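In what follows, a single structure is set out as structure tokens and then discussed.
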Amino acid sequence: MNSSNANALLALGTALRQAGYRFMTVTPSTHRRINNRPGNERAHDLRGVFGWSRPFDRALLPASVLALMADAGVLEENEDGLRSLVRVSTLDDMLLFHSAWPTRDDDSVFFGPDTYRFVTAMRRGFAFVGAGPVRAVDIGCGGGAGALTIARAFPHAEVIGADINTRALELAMVNGRLNGVSNLALAESDLFDGLQGDFDLVVSNPPFVVDPDARRYRHGGGEHGAELSRRIVEQSLGRLRRGGSLMLYTGVALSGPGDHFLDSLRPTLAAQCDTWTYTELDPDIFGGQLGEPGYEDVERIAAVWLHAVKR
């Protein structure tokens, strides 16, 4: 994305805000179900275009909006009509760009119900960080929802959004400008590999499912998708300052009464942390995933929250 594309996308977001646009992103299965209802084959308003990712006729949108979409490189024409290559979702008073539905490409930028749960849990955690961090990082920041939430809550802090996906960083940059955030820096990094120095706060909402195509926005690696989350915990504790916090939202595939992810982390947390809490936020998410290869022995996927304070 060059500067011209970015400026056009920023102008598009501003136009949507001025039009009173709002859209809460749902799960992929709900999205598919709603779009399959009779009458929802095509978009009839802005939410249909930029929220539900439906095809639309050229006459639906003002020429000025179409021009901004074209200039931003997010307008596609197919046999069934025009489509937006981005979605725009509401997070409180913010509008955030991310990838259109369905997300299939390796560089897709995810936003969904997990994002809302992640941000909600993180805000609760802010009550335990005193005056707030001096230096914070969101590992795997995607479109920037977590990093922007930190930057807005602690305007004195240096906040870094780090991601291996350059497309995500491009959208996070636009999202930061669109929402008036000035204390956010972005860095291309595979976890901490491209980052210098230590941090007072590390947050992350990484991929946690098993994806046969190993797409970066979705695949959590081995251990039923928990490998990436475990690596984030281990590396984060090595880069946190004394008294600094790690806040991790992830999903854990469970079978039976035990939690293999928590059990694998206990020795590390006991050795390096003064305090830590681990909570199931939702006992059953992404139930449709259980029918996919790699989940034959899994009973459920739970959304979990880890808050650890470095000793």
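In the structure tokens, chains take the letters A, B, ... in the order shown, each chain's residues start at 1, and ligands count up from 1 in the order shown.
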| request: Check range 106-283 of chain A with DSSP on the backbone and list each residue it calls strand (DSSP E or B), as a PyMOL selection string. | output: chain A and resi 135-139+158-163+184-188+199-204+209+219+240-254+273-282
With N, CA and C atoms retained, could you export that selection as a compact mmCIF listing (two decimals), in the first residue's frame?
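Result went into again_29.txt, see below:
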```
# COMPACT_ATOMS: atom_id res chain seq x y z
N ARG A 135 6.28 1.52 28.05
CA ARG A 135 6.52 0.93 26.73
C ARG A 135 5.73 -0.37 26.63
N ALA A 136 4.89 -0.46 25.61
CA ALA A 136 4.00 -1.61 25.46
C ALA A 136 4.07 -2.12 24.03
N VAL A 137 3.75 -3.41 23.84
CA VAL A 137 3.73 -3.99 22.50
C VAL A 137 2.57 -4.97 22.40
N ASP A 138 1.94 -4.97 21.23
CA ASP A 138 0.92 -5.95 20.86
C ASP A 138 1.55 -6.87 19.84
N ILE A 139 1.79 -8.13 20.23
CA ILE A 139 2.43 -9.11 19.35
C ILE A 139 1.37 -9.76 18.47
N GLU A 158 4.70 4.68 24.98
CA GLU A 158 5.16 4.28 23.65
C GLU A 158 4.54 2.91 23.36
N VAL A 159 3.72 2.84 22.33
CA VAL A 159 3.01 1.60 22.01
C VAL A 159 3.46 1.12 20.63
N ILE A 160 3.80 -0.15 20.55
CA ILE A 160 4.23 -0.75 19.29
C ILE A 160 3.25 -1.85 18.90
N GLY A 161 2.81 -1.81 17.65
CA GLY A 161 2.05 -2.90 17.07
C GLY A 161 2.97 -3.70 16.18
N ALA A 162 3.20 -4.97 16.51
CA ALA A 162 4.14 -5.81 15.78
C ALA A 162 3.41 -6.95 15.07
N ASP A 163 3.78 -7.19 13.82
CA ASP A 163 3.14 -8.28 13.08
C ASP A 163 4.08 -8.71 11.96
N LEU A 184 1.31 5.48 18.50
CA LEU A 184 1.41 4.10 18.02
C LEU A 184 2.48 4.02 16.93
N ALA A 185 3.45 3.13 17.13
CA ALA A 185 4.44 2.81 16.12
C ALA A 185 4.21 1.37 15.66
N LEU A 186 4.60 1.06 14.43
CA LEU A 186 4.37 -0.26 13.87
C LEU A 186 5.69 -0.89 13.45
N ALA A 187 5.79 -2.20 13.62
CA ALA A 187 7.05 -2.89 13.32
C ALA A 187 6.76 -4.25 12.70
N GLU A 188 7.45 -4.53 11.60
CA GLU A 188 7.38 -5.87 11.02
C GLU A 188 8.27 -6.79 11.84
N PHE A 199 9.88 -4.30 27.75
CA PHE A 199 8.54 -3.72 27.78
C PHE A 199 7.94 -3.83 29.18
N ASP A 200 7.03 -2.90 29.45
CA ASP A 200 6.25 -2.95 30.69
C ASP A 200 4.95 -3.73 30.49
N LEU A 201 4.51 -3.83 29.24
CA LEU A 201 3.26 -4.52 28.94
C LEU A 201 3.38 -5.20 27.59
N VAL A 202 3.06 -6.49 27.57
CA VAL A 202 2.96 -7.26 26.33
C VAL A 202 1.57 -7.85 26.27
N VAL A 203 0.88 -7.62 25.15
CA VAL A 203 -0.43 -8.23 24.94
C VAL A 203 -0.40 -9.00 23.63
N SER A 204 -1.27 -9.98 23.51
CA SER A 204 -1.34 -10.74 22.27
C SER A 204 -2.66 -11.49 22.16
N VAL A 209 -5.85 -21.91 15.94
CA VAL A 209 -6.46 -23.11 15.39
C VAL A 209 -5.46 -23.84 14.51
N HIS A 219 -3.25 -20.00 11.67
CA HIS A 219 -2.60 -21.23 12.13
C HIS A 219 -1.80 -21.00 13.40
N LEU A 240 9.99 -8.85 29.34
CA LEU A 240 9.27 -7.98 30.26
C LEU A 240 10.20 -7.44 31.34
N ARG A 241 10.00 -6.18 31.70
CA ARG A 241 10.70 -5.60 32.84
C ARG A 241 10.09 -6.12 34.14
N ARG A 242 10.81 -5.97 35.22
CA ARG A 242 10.30 -6.42 36.52
C ARG A 242 9.00 -5.69 36.84
N GLY A 243 7.98 -6.43 37.20
CA GLY A 243 6.67 -5.86 37.48
C GLY A 243 5.81 -5.66 36.25
N GLY A 244 6.36 -5.97 35.07
CA GLY A 244 5.60 -5.82 33.84
C GLY A 244 4.59 -6.94 33.66
N SER A 245 3.57 -6.67 32.83
CA SER A 245 2.47 -7.61 32.66
C SER A 245 2.44 -8.21 31.26
N LEU A 246 2.14 -9.49 31.21
CA LEU A 246 1.78 -10.19 29.97
C LEU A 246 0.29 -10.46 30.01
N MET A 247 -0.43 -10.06 28.95
CA MET A 247 -1.85 -10.34 28.83
C MET A 247 -2.07 -11.09 27.52
N LEU A 248 -2.50 -12.34 27.62
CA LEU A 248 -2.68 -13.20 26.45
C LEU A 248 -4.11 -13.69 26.37
N TYR A 249 -4.73 -13.48 25.20
CA TYR A 249 -6.02 -14.09 24.90
C TYR A 249 -5.78 -15.13 23.82
N THR A 250 -6.20 -16.36 24.08
CA THR A 250 -6.02 -17.40 23.08
C THR A 250 -7.11 -18.46 23.22
N GLY A 251 -7.09 -19.41 22.30
CA GLY A 251 -8.02 -20.53 22.36
C GLY A 251 -7.25 -21.81 22.60
N VAL A 252 -7.81 -22.70 23.42
CA VAL A 252 -7.14 -23.95 23.77
C VAL A 252 -8.07 -25.11 23.46
N ALA A 253 -7.56 -26.07 22.68
CA ALA A 253 -8.32 -27.28 22.35
C ALA A 253 -8.21 -28.25 23.52
N LEU A 254 -9.36 -28.66 24.05
CA LEU A 254 -9.38 -29.47 25.26
C LEU A 254 -10.10 -30.80 25.04
N CYS A 273 7.29 -15.51 37.51
CA CYS A 273 6.22 -14.54 37.79
C CYS A 273 5.92 -14.43 39.27
N ASP A 274 5.66 -13.21 39.72
CA ASP A 274 5.20 -12.99 41.09
C ASP A 274 3.78 -13.49 41.25
N THR A 275 2.92 -13.11 40.30
CA THR A 275 1.53 -13.54 40.32
C THR A 275 1.08 -13.83 38.90
N TRP A 276 0.10 -14.70 38.78
CA TRP A 276 -0.52 -14.91 37.48
C TRP A 276 -1.90 -15.50 37.67
N THR A 277 -2.78 -15.18 36.73
CA THR A 277 -4.14 -15.73 36.74
C THR A 277 -4.44 -16.28 35.35
N TYR A 278 -5.23 -17.33 35.33
CA TYR A 278 -5.59 -18.01 34.08
C TYR A 278 -7.07 -18.34 34.16
N THR A 279 -7.85 -17.82 33.21
CA THR A 279 -9.31 -17.91 33.29
C THR A 279 -9.90 -18.35 31.96
N GLU A 280 -10.89 -19.23 32.03
CA GLU A 280 -11.69 -19.54 30.84
C GLU A 280 -12.74 -18.46 30.68
N LEU A 281 -12.65 -17.70 29.60
CA LEU A 281 -13.64 -16.66 29.33
C LEU A 281 -14.88 -17.22 28.66
N ASP A 282 -14.70 -18.25 27.87
CA ASP A 282 -15.82 -18.89 27.17
C ASP A 282 -15.44 -20.36 26.99
```
Could you list, as a ChimeraX atom specification, every residue within 9 Å of range 288-293 of chain A, counting only C-alpha atoms and ignoring same-chain residues fewer than 6 positions away? /A:29,209-212,299-301
Using only C-alpha atoms, which of the listed residues (A:Glu170, A:Asp80, A:Ala63, A:Phe97) sits closest to Ser3 in chain A?
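Result for the nearest residue to Ser3 in chain A: A:Glu170.
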Please determine, counting only C-alpha atoms, which residue among A:Val134, A:Met69, A:Met1, A:Ile164 has the shortest atom-to-atom distance to Gly194 in chain A.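 Counting only C-alpha atoms, the residue closest to Gly194 in chain A is A:Ile164.
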Gap from CA of Asp193 in chain A to CA of Tyr217 in chain A - Å, one decimal
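Interatomic distance, CA of Asp193 in chain A to CA of Tyr217 in chain A: 17.8 Å.
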Exercise for review: Just give me the gap between CA of Gly73 in chain A and CA of Asn5 in chain A in Å, one decimal is fine.
Suggested key: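 According to the coordinates, CA of Gly73 in chain A and CA of Asn5 in chain A are separated by 6.5 Å.
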Can you measure CA of Ala302 in chain A to CA of Ile285 in chain A for me? One decimal in Å is fine.
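It comes out at 5.9 Å.
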Judged by only C-alpha atoms, the minimum distance to Ala308 in chain A among A:Arg152, A:Val129, A:Pro206, A:Ser53 is found for A:Val129
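Among A:Arg216, A:Ser182, A:Arg33, A:Asp263, the residue with the shortest atom-to-atom distance to Thr103 in chain A, counting only C-alpha atoms, is A:Arg216.
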Just list the residues in range 49-279 of chain A DSSP gives alpha helix (DSSP H) on the backbone, as an MDAnalysis selection string.
chainID A and resid 49:50 63:72 113:126 145:153 166:178 222:225 227:239 260:272
Residue with the minimum atom-to-atom distance to Val119 in chain A, picked from A:Asp93, A:Ala226, A:Asp107, A:Ile150 with only C-alpha atoms counted, is A:Ile150
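Minimum atom-to-atom distances from A:Ala151, A:Ala8, A:Ala145, A:Val298 to Tyr116 in chain A were compared using only C-alpha atoms, and the lowest value belongs to A:Ala145.
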